[in-house]
file my_file37.cif (mmCIF, C-alpha atoms (C1' of nucleotides))
data_coords
#
loop_
_atom_site.label_atom_id
_atom_site.label_comp_id
_atom_site.auth_asym_id
_atom_site.auth_seq_id
_atom_site.Cartn_x
_atom_site.Cartn_y
_atom_site.Cartn_z
CA MET R 1 25.90 -3.44 -0.92
CA ILE R 2 23.13 -4.22 -3.36
CA SER R 3 23.36 -3.58 -7.12
CA LYS R 4 21.04 -1.45 -9.22
CA SER R 5 19.90 -4.59 -10.97
CA ILE R 6 18.89 -6.24 -7.69
CA GLU R 7 17.20 -3.05 -6.55
CA GLU R 8 14.83 -3.43 -9.47
CA TYR R 9 13.59 -6.72 -8.06
CA LEU R 10 12.98 -5.09 -4.70
CA LYS R 11 11.06 -2.25 -6.29
CA THR R 12 8.93 -4.69 -8.26
CA MET R 13 8.22 -6.73 -5.14
CA TYR R 14 7.13 -3.62 -3.33
CA VAL R 15 4.78 -2.62 -6.11
CA ILE R 16 3.26 -6.08 -6.36
CA LYS R 17 2.84 -6.24 -2.60
CA LYS R 18 0.86 -2.99 -2.67
CA GLN R 19 -1.17 -4.02 -5.67
CA GLU R 20 -1.84 -7.67 -4.98
CA GLY R 21 -1.38 -7.93 -1.23
CA LYS R 22 1.23 -10.66 -1.58
CA VAL R 23 4.34 -11.21 -3.61
CA ARG R 24 5.02 -14.38 -5.57
CA VAL R 25 8.14 -15.32 -7.49
CA THR R 26 6.11 -15.92 -10.63
CA ASP R 27 4.50 -12.49 -10.55
CA VAL R 28 7.83 -10.77 -10.11
CA ALA R 29 9.26 -12.75 -13.02
CA LYS R 30 6.29 -11.81 -15.20
CA LYS R 31 6.50 -8.13 -14.35
CA MET R 32 10.22 -8.01 -14.92
CA ASP R 33 10.13 -10.20 -18.00
CA CYS R 34 12.70 -12.59 -16.59
CA THR R 35 12.75 -16.18 -15.35
CA LYS R 36 11.83 -17.54 -11.96
CA PRO R 37 15.39 -18.61 -11.11
CA SER R 38 16.51 -15.04 -11.64
CA VAL R 39 13.92 -13.86 -9.18
CA ASN R 40 14.92 -16.59 -6.75
CA LYS R 41 18.54 -15.51 -6.85
CA ALA R 42 17.69 -11.86 -6.40
CA LEU R 43 15.41 -12.82 -3.54
CA TYR R 44 18.17 -14.50 -1.56
CA ASN R 45 20.50 -11.63 -2.37
CA LEU R 46 17.91 -9.22 -0.98
CA LYS R 47 17.44 -11.46 2.03
CA ASP R 48 21.18 -11.58 2.72
CA ASN R 49 21.20 -7.81 2.64
CA GLY R 50 18.28 -7.47 4.99
CA PHE R 51 15.73 -6.06 2.57
CA VAL R 52 13.30 -8.97 2.63
CA ASN R 53 12.36 -11.81 4.94
CA TYR R 54 11.99 -15.13 3.21
CA GLU R 55 12.19 -18.88 3.75
CA ALA R 56 11.94 -21.39 0.91
CA TYR R 57 8.36 -21.74 -0.34
CA GLY R 58 7.30 -19.10 2.17
CA THR R 59 5.89 -15.61 1.71
CA ILE R 60 8.00 -12.71 0.58
CA GLU R 61 7.93 -9.83 3.04
CA LEU R 62 9.84 -6.59 2.70
CA THR R 63 11.64 -5.40 5.81
CA GLU R 64 11.45 -1.77 6.87
CA ASP R 65 14.74 -1.13 5.11
CA GLY R 66 13.35 -2.88 2.05
CA GLU R 67 10.24 -0.72 2.03
CA ASN R 68 12.24 2.44 2.41
CA LEU R 69 14.63 1.58 -0.37
CA ALA R 70 11.79 0.57 -2.67
CA LYS R 71 10.00 3.86 -2.01
CA LYS R 72 13.18 5.75 -2.72
CA ILE R 73 13.67 3.93 -6.02
CA LEU R 74 10.08 4.57 -7.07
CA GLU R 75 10.43 8.20 -6.19
CA ALA R 76 13.65 8.59 -8.13
CA TYR R 77 11.83 7.09 -11.09
CA ASP R 78 8.95 9.51 -10.70
CA ILE R 79 11.22 12.51 -10.59
CA VAL R 80 13.10 11.52 -13.71
CA TYR R 81 9.88 10.58 -15.47
CA LEU R 82 8.32 13.89 -14.57
CA PHE R 83 11.31 15.74 -15.94
CA LEU R 84 11.39 13.77 -19.19
CA LYS R 85 7.66 13.96 -19.72
CA ASP R 86 6.72 17.44 -18.54
CA VAL R 87 9.94 19.36 -18.97
CA LEU R 88 11.63 17.75 -21.95
CA GLU R 89 8.25 16.75 -23.32
CA LEU R 90 9.19 13.26 -24.33
CA GLU R 91 6.37 11.05 -25.45
CA GLU R 92 4.96 9.04 -22.54
CA GLU R 93 6.24 5.56 -23.35
CA GLU R 94 9.68 6.86 -24.23
CA ALA R 95 9.76 8.82 -21.00
CA LYS R 96 8.92 5.71 -19.01
CA ARG R 97 11.62 3.63 -20.66
CA GLU R 98 14.25 6.31 -20.30
CA ALA R 99 13.33 7.17 -16.73
CA GLU R 100 13.77 3.53 -15.80
CA LYS R 101 17.30 3.51 -17.17
CA ILE R 102 18.37 6.94 -16.00
CA LYS R 103 17.17 6.60 -12.44
CA SER R 104 19.32 3.47 -12.17
CA THR R 105 22.53 5.36 -12.85
CA ILE R 106 22.29 8.68 -11.12
CA SER R 107 23.32 9.61 -7.61
CA ASP R 108 21.03 10.78 -4.84
CA LYS R 109 22.59 14.20 -5.13
CA THR R 110 21.60 14.50 -8.76
CA ILE R 111 18.12 13.23 -8.04
CA ASN R 112 17.72 15.87 -5.37
CA LYS R 113 18.89 18.64 -7.67
CA LEU R 114 16.67 17.39 -10.45
CA ALA R 115 13.71 17.20 -8.09
CA LYS R 116 14.24 20.76 -6.94
CA TYR R 117 14.64 21.91 -10.50
CA VAL R 118 11.49 20.15 -11.64
CA HIS R 119 9.63 21.65 -8.71
CA LYS R 120 10.82 25.07 -9.71
CA VAL R 121 10.21 24.78 -13.43
CA LEU R 122 6.78 23.29 -13.03
CA ASP R 123 6.03 26.30 -10.89
CA LEU R 124 5.22 25.00 -7.51
CA ASN R 125 5.78 28.40 -5.93
CA ASN R 126 8.08 26.98 -3.36
CA LEU R 127 11.63 27.63 -4.33
CA ASP R 128 12.83 27.06 -0.78
CA CYS R 129 11.81 23.42 -0.72
CA ASP R 130 14.69 21.43 0.64
CA TYR R 131 13.95 18.20 -1.11
CA ASP R 132 16.04 15.18 -0.07
CA ILE R 133 15.25 11.74 -1.34
CA ASN R 134 16.54 10.25 1.90
CA LYS R 135 14.41 12.39 4.20
CA GLU R 136 10.77 12.68 5.05
CA LYS R 137 9.01 14.75 2.41
CA CYS R 138 8.15 18.36 3.00
CA ARG R 139 4.55 19.51 2.54
CA CYS R 140 5.47 20.93 -0.83
CA CYS R 141 6.79 17.63 -2.08
CA THR R 142 3.90 15.70 -0.69
CA ARG R 143 1.47 18.06 -2.33
CA ARG R 144 3.35 17.87 -5.58
CA ILE R 145 3.30 14.09 -5.55
CA ARG R 146 -0.41 14.12 -4.78
CA LEU R 147 -1.17 16.65 -7.48
CA LYS R 148 0.90 14.74 -9.95
CA ALA R 149 -0.69 11.46 -8.99
CA ILE R 150 -1.22 10.81 -12.65
CA ILE R 151 2.48 10.28 -13.12
CA ILE R 152 2.39 7.45 -10.69
CA LEU R 153 0.69 5.50 -13.44
CA ASN R 154 -0.37 2.09 -12.23
CA PHE R 155 1.33 2.79 -8.92
CA ILE R 156 -1.28 5.40 -8.14
CA ASN R 157 -2.66 3.48 -5.20
CA ILE R 158 0.73 2.77 -3.74
CA LEU R 159 2.51 5.92 -2.78
CA ILE R 160 2.13 8.23 0.21
CA MET T 1 26.13 -4.08 -32.41
CA ILE T 2 28.58 -2.60 -29.97
CA SER T 3 27.89 -2.18 -26.24
CA LYS T 4 27.98 1.05 -24.25
CA SER T 5 30.96 -0.30 -22.39
CA ILE T 6 32.92 -0.88 -25.60
CA GLU T 7 31.90 2.55 -26.92
CA GLU T 8 33.79 4.07 -24.01
CA TYR T 9 37.01 2.58 -25.29
CA LEU T 10 36.35 4.02 -28.71
CA LYS T 11 35.67 7.46 -27.28
CA THR T 12 38.85 7.32 -25.25
CA MET T 13 40.86 6.27 -28.28
CA TYR T 14 39.49 9.18 -30.25
CA VAL T 15 40.38 11.64 -27.54
CA ILE T 16 43.88 10.28 -27.15
CA LYS T 17 44.36 10.34 -30.92
CA LYS T 18 43.46 14.02 -31.02
CA GLN T 19 45.56 14.84 -28.00
CA GLU T 20 48.62 12.72 -28.56
CA GLY T 21 48.56 12.04 -32.26
CA LYS T 22 48.64 8.30 -31.78
CA VAL T 23 46.80 5.78 -29.68
CA ARG T 24 48.50 3.14 -27.58
CA VAL T 25 46.94 0.34 -25.56
CA THR T 26 48.73 1.48 -22.43
CA ASP T 27 47.44 5.05 -22.68
CA VAL T 28 43.89 3.87 -23.14
CA ALA T 29 44.23 1.59 -20.14
CA LYS T 30 45.60 4.43 -18.03
CA LYS T 31 42.89 6.86 -19.05
CA MET T 32 40.16 4.32 -18.43
CA ASP T 33 41.71 2.99 -15.26
CA CYS T 34 41.60 -0.58 -16.51
CA THR T 35 44.14 -3.21 -17.56
CA LYS T 36 45.82 -3.65 -20.93
CA PRO T 37 44.10 -6.97 -21.66
CA SER T 38 40.75 -5.22 -21.26
CA VAL T 39 41.79 -2.66 -23.84
CA ASN T 40 43.08 -5.38 -26.13
CA LYS T 41 39.76 -7.20 -26.02
CA ALA T 42 37.79 -4.04 -26.65
CA LEU T 43 40.13 -3.20 -29.50
CA TYR T 44 39.42 -6.41 -31.38
CA ASN T 45 35.74 -6.02 -30.67
CA LEU T 46 35.88 -2.53 -32.19
CA LYS T 47 37.86 -3.87 -35.12
CA ASP T 48 35.32 -6.65 -35.76
CA ASN T 49 32.63 -3.99 -35.85
CA GLY T 50 34.52 -1.76 -38.27
CA PHE T 51 35.24 1.11 -35.91
CA VAL T 52 39.02 0.77 -35.88
CA ASN T 53 41.75 -0.66 -38.06
CA TYR T 54 44.31 -2.69 -36.19
CA GLU T 55 46.82 -5.51 -36.54
CA ALA T 56 48.72 -6.98 -33.61
CA TYR T 57 51.48 -4.64 -32.40
CA GLY T 58 50.42 -2.14 -35.06
CA THR T 59 48.92 1.33 -34.77
CA ILE T 60 45.36 1.96 -33.73
CA GLU T 61 43.44 3.96 -36.33
CA LEU T 62 39.78 4.93 -36.09
CA THR T 63 37.74 4.37 -39.22
CA GLU T 64 35.32 7.04 -40.43
CA ASP T 65 32.50 5.21 -38.66
CA GLY T 66 34.67 5.08 -35.57
CA GLU T 67 35.35 8.82 -35.66
CA ASN T 68 31.70 9.62 -36.15
CA LEU T 69 30.57 7.42 -33.32
CA ALA T 70 33.25 8.82 -31.02
CA LYS T 71 32.19 12.38 -31.83
CA LYS T 72 28.60 11.49 -31.15
CA ILE T 73 29.48 9.99 -27.78
CA LEU T 74 31.53 13.03 -26.81
CA GLU T 75 28.75 15.30 -27.81
CA ALA T 76 26.18 13.37 -25.83
CA TYR T 77 28.46 13.72 -22.85
CA ASP T 78 28.82 17.45 -23.37
CA ILE T 79 25.10 17.97 -23.54
CA VAL T 80 24.41 16.04 -20.37
CA TYR T 81 27.33 17.71 -18.62
CA LEU T 82 26.10 21.13 -19.66
CA PHE T 83 22.68 20.36 -18.31
CA LEU T 84 23.96 19.04 -14.99
CA LYS T 85 26.46 21.82 -14.53
CA ASP T 86 24.69 24.91 -15.84
CA VAL T 87 21.05 24.02 -15.44
CA LEU T 88 20.95 21.78 -12.37
CA GLU T 89 24.03 23.51 -11.03
CA LEU T 90 25.81 20.42 -9.87
CA GLU T 91 29.36 20.87 -8.71
CA GLU T 92 31.80 20.34 -11.57
CA GLU T 93 33.34 17.00 -10.63
CA GLU T 94 29.97 15.52 -9.74
CA ALA T 95 28.57 16.76 -13.05
CA LYS T 96 31.37 15.06 -14.94
CA ARG T 97 30.92 11.75 -13.16
CA GLU T 98 27.17 11.79 -13.55
CA ALA T 99 27.25 12.91 -17.18
CA GLU T 100 29.51 9.99 -17.99
CA LYS T 101 27.01 7.53 -16.55
CA ILE T 102 23.85 9.17 -17.82
CA LYS T 103 25.01 9.65 -21.38
CA SER T 104 25.67 5.91 -21.52
CA THR T 105 22.07 5.02 -20.84
CA ILE T 106 19.90 7.47 -22.69
CA SER T 107 18.60 7.30 -26.23
CA ASP T 108 19.44 9.63 -29.09
CA LYS T 109 15.91 10.96 -28.89
CA THR T 110 16.34 11.99 -25.28
CA ILE T 111 19.74 13.52 -25.99
CA ASN T 112 18.21 15.59 -28.77
CA LYS T 113 15.39 16.79 -26.57
CA LEU T 114 17.80 17.57 -23.78
CA ALA T 115 20.07 19.46 -26.15
CA LYS T 116 17.18 21.55 -27.42
CA TYR T 117 16.05 22.20 -23.89
CA VAL T 118 19.50 23.22 -22.75
CA HIS T 119 19.80 25.52 -25.77
CA LYS T 120 16.52 27.13 -24.86
CA VAL T 121 17.07 27.46 -21.14
CA LEU T 122 20.55 28.86 -21.53
CA ASP T 123 18.98 31.41 -23.80
CA LEU T 124 20.58 31.00 -27.13
CA ASN T 125 17.86 32.98 -28.88
CA ASN T 126 17.22 30.21 -31.32
CA LEU T 127 14.22 28.22 -30.25
CA ASP T 128 13.74 26.79 -33.73
CA CYS T 129 17.05 24.96 -33.72
CA ASP T 130 16.42 21.46 -34.97
CA TYR T 131 19.25 19.77 -33.15
CA ASP T 132 19.88 16.13 -34.06
CA ILE T 133 22.86 14.29 -32.69
CA ASN T 134 23.07 12.23 -35.85
CA LYS T 135 23.08 15.14 -38.28
CA GLU T 136 25.46 17.91 -39.19
CA LYS T 137 25.20 20.71 -36.67
CA CYS T 138 23.19 23.80 -37.39
CA ARG T 139 24.90 27.19 -37.04
CA CYS T 140 23.24 27.66 -33.71
CA CYS T 141 24.63 24.44 -32.33
CA THR T 142 28.05 25.06 -33.73
CA ARG T 143 28.07 28.50 -32.24
CA ARG T 144 26.81 27.18 -28.95
CA ILE T 145 29.51 24.54 -28.83
CA ARG T 146 32.11 27.16 -29.67
CA LEU T 147 30.79 29.55 -27.10
CA LYS T 148 30.68 26.84 -24.55
CA ALA T 149 34.13 25.62 -25.43
CA ILE T 150 34.94 25.74 -21.78
CA ILE T 151 32.72 22.78 -21.15
CA ILE T 152 34.76 20.72 -23.46
CA LEU T 153 37.40 20.73 -20.76
CA ASN T 154 40.49 18.91 -21.84
CA PHE T 155 38.77 18.05 -25.13
CA ILE T 156 38.79 21.70 -26.09
CA ASN T 157 41.13 21.13 -28.98
CA ILE T 158 39.26 18.18 -30.31
CA LEU T 159 35.76 19.11 -31.30
CA ILE T 160 34.42 20.93 -34.36
"C1'" DC F 1 74.54 -4.27 -31.07
"C1'" DC F 2 72.47 -6.17 -27.25
"C1'" DT F 3 70.44 -5.53 -22.70
"C1'" DT F 4 66.73 -3.52 -20.37
"C1'" DT F 5 62.45 -1.43 -20.19
"C1'" DT F 6 58.20 -0.59 -22.07
"C1'" DT F 7 54.47 -2.11 -24.51
"C1'" DG F 8 51.26 -5.55 -26.22
"C1'" DT F 9 49.26 -10.36 -26.23
"C1'" DT F 10 47.48 -14.59 -24.57
"C1'" DA F 11 45.51 -17.90 -21.47
"C1'" DA F 12 43.27 -18.90 -17.41
"C1'" DT F 13 40.18 -17.13 -14.20
"C1'" DC F 14 36.55 -14.44 -11.84
"C1'" DA F 15 32.01 -11.92 -10.80
"C1'" DT F 16 27.66 -10.62 -12.24
"C1'" DG F 17 23.39 -11.46 -13.87
"C1'" DG F 18 21.15 -13.96 -16.55
"C1'" DT F 19 19.40 -18.60 -18.78
"C1'" DT F 20 17.46 -23.74 -19.40
"C1'" DA F 21 16.23 -28.18 -17.69
"C1'" DA F 22 14.99 -30.97 -14.19
"C1'" DC F 23 13.02 -31.51 -9.99
"C1'" DA F 24 10.36 -30.44 -5.49
"C1'" DT F 25 6.59 -28.46 -3.29
"C1'" DT F 26 2.16 -26.48 -2.84
"C1'" DA F 27 -2.41 -25.47 -4.47
"C1'" DT F 28 -6.48 -26.69 -7.11
"C1'" DA F 29 -10.17 -29.23 -8.99
"C1'" DT F 30 -12.76 -33.11 -9.57
"C1'" DA Q 1 -8.04 -37.87 -1.51
"C1'" DT Q 2 -5.52 -37.72 -5.10
"C1'" DA Q 3 -4.21 -36.42 -9.82
"C1'" DT Q 4 -2.98 -32.37 -12.09
"C1'" DA Q 5 -1.53 -27.81 -12.50
"C1'" DA Q 6 0.86 -24.06 -10.79
"C1'" DT Q 7 4.60 -22.46 -8.32
"C1'" DG Q 8 9.28 -22.49 -6.43
"C1'" DT Q 9 14.12 -24.43 -6.22
"C1'" DT Q 10 18.36 -26.23 -7.69
"C1'" DA Q 11 22.14 -27.29 -10.65
"C1'" DA Q 12 24.54 -26.61 -14.67
"C1'" DC Q 13 25.57 -23.42 -17.85
"C1'" DC Q 14 26.26 -18.99 -20.73
"C1'" DA Q 15 27.73 -14.10 -22.01
"C1'" DT Q 16 29.89 -10.03 -20.77
"C1'" DG Q 17 33.44 -7.50 -19.15
"C1'" DA Q 18 36.77 -7.49 -16.26
"C1'" DT Q 19 41.13 -9.41 -13.91
"C1'" DT Q 20 46.07 -11.65 -13.01
"C1'" DA Q 21 50.11 -13.99 -14.51
"C1'" DA Q 22 53.05 -15.22 -17.92
"C1'" DC Q 23 54.95 -14.37 -22.10
"C1'" DA Q 24 56.22 -11.95 -26.77
"C1'" DA Q 25 57.57 -8.00 -29.33
"C1'" DA Q 26 59.24 -3.48 -29.91
"C1'" DA Q 27 61.66 0.61 -28.31
"C1'" DA Q 28 65.20 2.91 -25.83
"C1'" DG Q 29 69.69 3.64 -23.83
"C1'" DG Q 30 74.12 2.38 -23.06
#

call {"tool": "encode", "arguments": {"input": "my_file37.cif", "output": "structure tokens"}}
result
Amino acid sequence: MISKSIEEYLKTMYVIKKQEGKVRVTDVAKKMDCTKPSVNKALYNLKDNGFVNYEAYGTIELTEDGENLAKKILEAYDIVYLFLKDVLELEEEEAKREAEKIKSTISDKTINKLAKYVHKVLDLNNLDCDYDINKEKCRCCTRRIRLKAIIILNFINILI
Amino acid sequence: MISKSIEEYLKTMYVIKKQEGKVRVTDVAKKMDCTKPSVNKALYNLKDNGFVNYEAYGTIELTEDGENLAKKILEAYDIVYLFLKDVLELEEEEAKREAEKIKSTISDKTINKLAKYVHKVLDLNNLDCDYDINKEKCRCCTRRIRLKAIIILNFINILI
DNA sequence: CCTTTTTGTTAATCATGGTTAACATTATAT
DNA sequence: ATATAATGTTAACCATGATTAACAAAAAGG
């Protein structure tokens, strides 16, 4: 099993892939404010766990599992961010920082409950939505994510 | 500065002190499901940071700073637990587990906002409450904590 | 008392996740 | 085409927080 810390590298790779078209060790290091050897280590860890394909000096490619996990992580972040920003009304930067930390500790179950709650509170008129971070999104969730595109920040062109 | 991991030892010591009257390395280890050497290390770390008084083979005593920090940690836990249990409606055991993890990552600012939100949502009729985890509690908070004594679980005899 | 059990300490070790320094490879620019 | 710059890798190392094994001290029970 992969750690929360390593998951962060995967998420970052996914985002860079969508933004830049290709993923380089240096870019990941820059984005994560860490060194290249750290990225290298994480990379081989991710490879060993089947989340990326990689050969030395080659191109970094996420596997299907890798993509799915990355999407899930990003989504967990969005849900927590949305809650902190729009429900608790934390200031934007604070909400981002805190969402990053919180989403790394909580279980899927909690994320699902939080998502449903946020849906409800922010008045989506769909209290029956059976949100599950591990499943395909329902129309309601999809719509919500689209409507709330602004929360996707610089990932706006990535999701869905 | 002390780490979140070390804070947990302090919190546990505080709880044991209130429950048992005295704190022993073995009890802390049992409660935290770790080994005695781990407790010993944490103990000297806490001592170096002025949160406990201790000499080898002596009795563990929390300083005033230690007590205050422990109270703060317990309270952060209670707030998160209350939110997960009564607002998100997580099952009790899950709420406890998750609260433990979450409260270790979030900032005082977020805790304060969450506390205010929980107060509001659970309808305490005091929307002006200026909760601050670092300050003396307002009447509203004190009352809330009293009313919600049940959430304090086995710590019921400790707080306030 | 003094033996035994419980409790606490110390030293050596480990895993994780990070670093720096040195080097290898690839890409770029003239 | 080749020197230079950028990028990627490797090895050695560090901090943290934990462990096990061995030992020391204190408490408890005959």

call {"tool": "residues_near_point", "arguments": {"input": "my_file37.cif", "point": "(14.3, -1.7, -7.6)", "cutoff": "7 Å", "atoms": "only C-alpha atoms (C1' of nucleotides)", "output": "list in words"}}
result
Lys4, Ile6, Glu7, Glu8, Tyr9, Leu10, Lys11, Thr12, Ala70 and Ile73 of chain R

call {"tool": "resolve_selection", "arguments": {"input": "my_file37.cif", "expression": "the PyMOL selection byres ((chain Q and resi 19) around 9)", "output": "PDB file with C-alpha atoms (C1' of nucleotides), in the coordinates of the input"}}
result
ATOM      1  CA  THR T  35      44.140  -3.210 -17.560  1.00  0.00           C
ATOM      2  CA  PRO T  37      44.100  -6.970 -21.660  1.00  0.00           C
ATOM      3  CA  SER T  38      40.750  -5.220 -21.260  1.00  0.00           C
TER       4      SER T  38
ATOM      5  C1'  DT F  13      40.180 -17.130 -14.200  1.00  0.00           C
ATOM      6  C1'  DC F  14      36.550 -14.440 -11.840  1.00  0.00           C
TER       7       DC F  14
ATOM      8  C1'  DA Q  18      36.770  -7.490 -16.260  1.00  0.00           C
ATOM      9  C1'  DT Q  20      46.070 -11.650 -13.010  1.00  0.00           C
TER      10       DT Q  20
END

call {"tool": "atom_distance", "arguments": {"input": "my_file37.cif", "atom1": "atom C1' of F:DA27", "atom2": "atom C1' of Q:DA6"}}
result
7.3 Å

call {"tool": "interface_residues", "arguments": {"input": "my_file37.cif", "of": "chain R", "to": "chain F", "cutoff": "12 Å", "atoms": "all atoms listed in the file", "output": "list in words"}}
result
Ile2, Ser3, Lys4, Ser5, Ile6, Asp33, Cys34, Thr35, Lys36, Pro37, Ser38, Val39, Asn40, Lys41, Ala42, Asn45, Ala56, Tyr57 and Gly58 of chain R

call {"tool": "write_last_selection", "arguments": {"input": "my_file37.cif", "atoms": "C-alpha atoms", "output": "mmCIF file, in the coordinates of the input"}}
result
data_model
loop_
_atom_site.group_PDB
_atom_site.id
_atom_site.type_symbol
_atom_site.label_atom_id
_atom_site.label_comp_id
_atom_site.auth_asym_id
_atom_site.auth_seq_id
_atom_site.Cartn_x
_atom_site.Cartn_y
_atom_site.Cartn_z
ATOM 1 C CA ILE R 2 23.130 -4.220 -3.360
ATOM 2 C CA SER R 3 23.360 -3.580 -7.120
ATOM 3 C CA LYS R 4 21.040 -1.450 -9.220
ATOM 4 C CA SER R 5 19.900 -4.590 -10.970
ATOM 5 C CA ILE R 6 18.890 -6.240 -7.690
ATOM 6 C CA ASP R 33 10.130 -10.200 -18.000
ATOM 7 C CA CYS R 34 12.700 -12.590 -16.590
ATOM 8 C CA THR R 35 12.750 -16.180 -15.350
ATOM 9 C CA LYS R 36 11.830 -17.540 -11.960
ATOM 10 C CA PRO R 37 15.390 -18.610 -11.110
ATOM 11 C CA SER R 38 16.510 -15.040 -11.640
ATOM 12 C CA VAL R 39 13.920 -13.860 -9.180
ATOM 13 C CA ASN R 40 14.920 -16.590 -6.750
ATOM 14 C CA LYS R 41 18.540 -15.510 -6.850
ATOM 15 C CA ALA R 42 17.690 -11.860 -6.400
ATOM 16 C CA ASN R 45 20.500 -11.630 -2.370
ATOM 17 C CA ALA R 56 11.940 -21.390 0.910
ATOM 18 C CA TYR R 57 8.360 -21.740 -0.340
ATOM 19 C CA GLY R 58 7.300 -19.100 2.170
#

call {"tool": "resolve_selection", "arguments": {"input": "my_file37.cif", "expression": "the PyMOL selection byres ((chain R) within 12 of (chain T))", "output": "ChimeraX atom specification"}}
result
/R:80-81,83-91,94-121

call {"tool": "atom_distance", "arguments": {"input": "my_file37.cif", "atom1": "atom CA of T:Lys72", "atom2": "atom CA of T:Lys30"}}
result
22.6 Å

call {"tool": "closest_residue", "arguments": {"input": "my_file37.cif", "among": "R:Leu122, R:Val25, R:Leu46, R:Met13", "to": "chain Q", "atoms": "all atoms listed in the file"}}
result
R:Val25

call {"tool": "atom_distance", "arguments": {"input": "my_file37.cif", "atom1": "atom CA of T:Ala29", "atom2": "atom CA of T:Ile79"}}
result
25.4 Å

call {"tool": "resolve_selection", "arguments": {"input": "my_file37.cif", "expression": "the PyMOL selection byres ((chain Q) within 9 of (chain R))", "output": "list of chain:residue names"}}
result
Q:DT7, Q:DG8, Q:DT9, Q:DT10
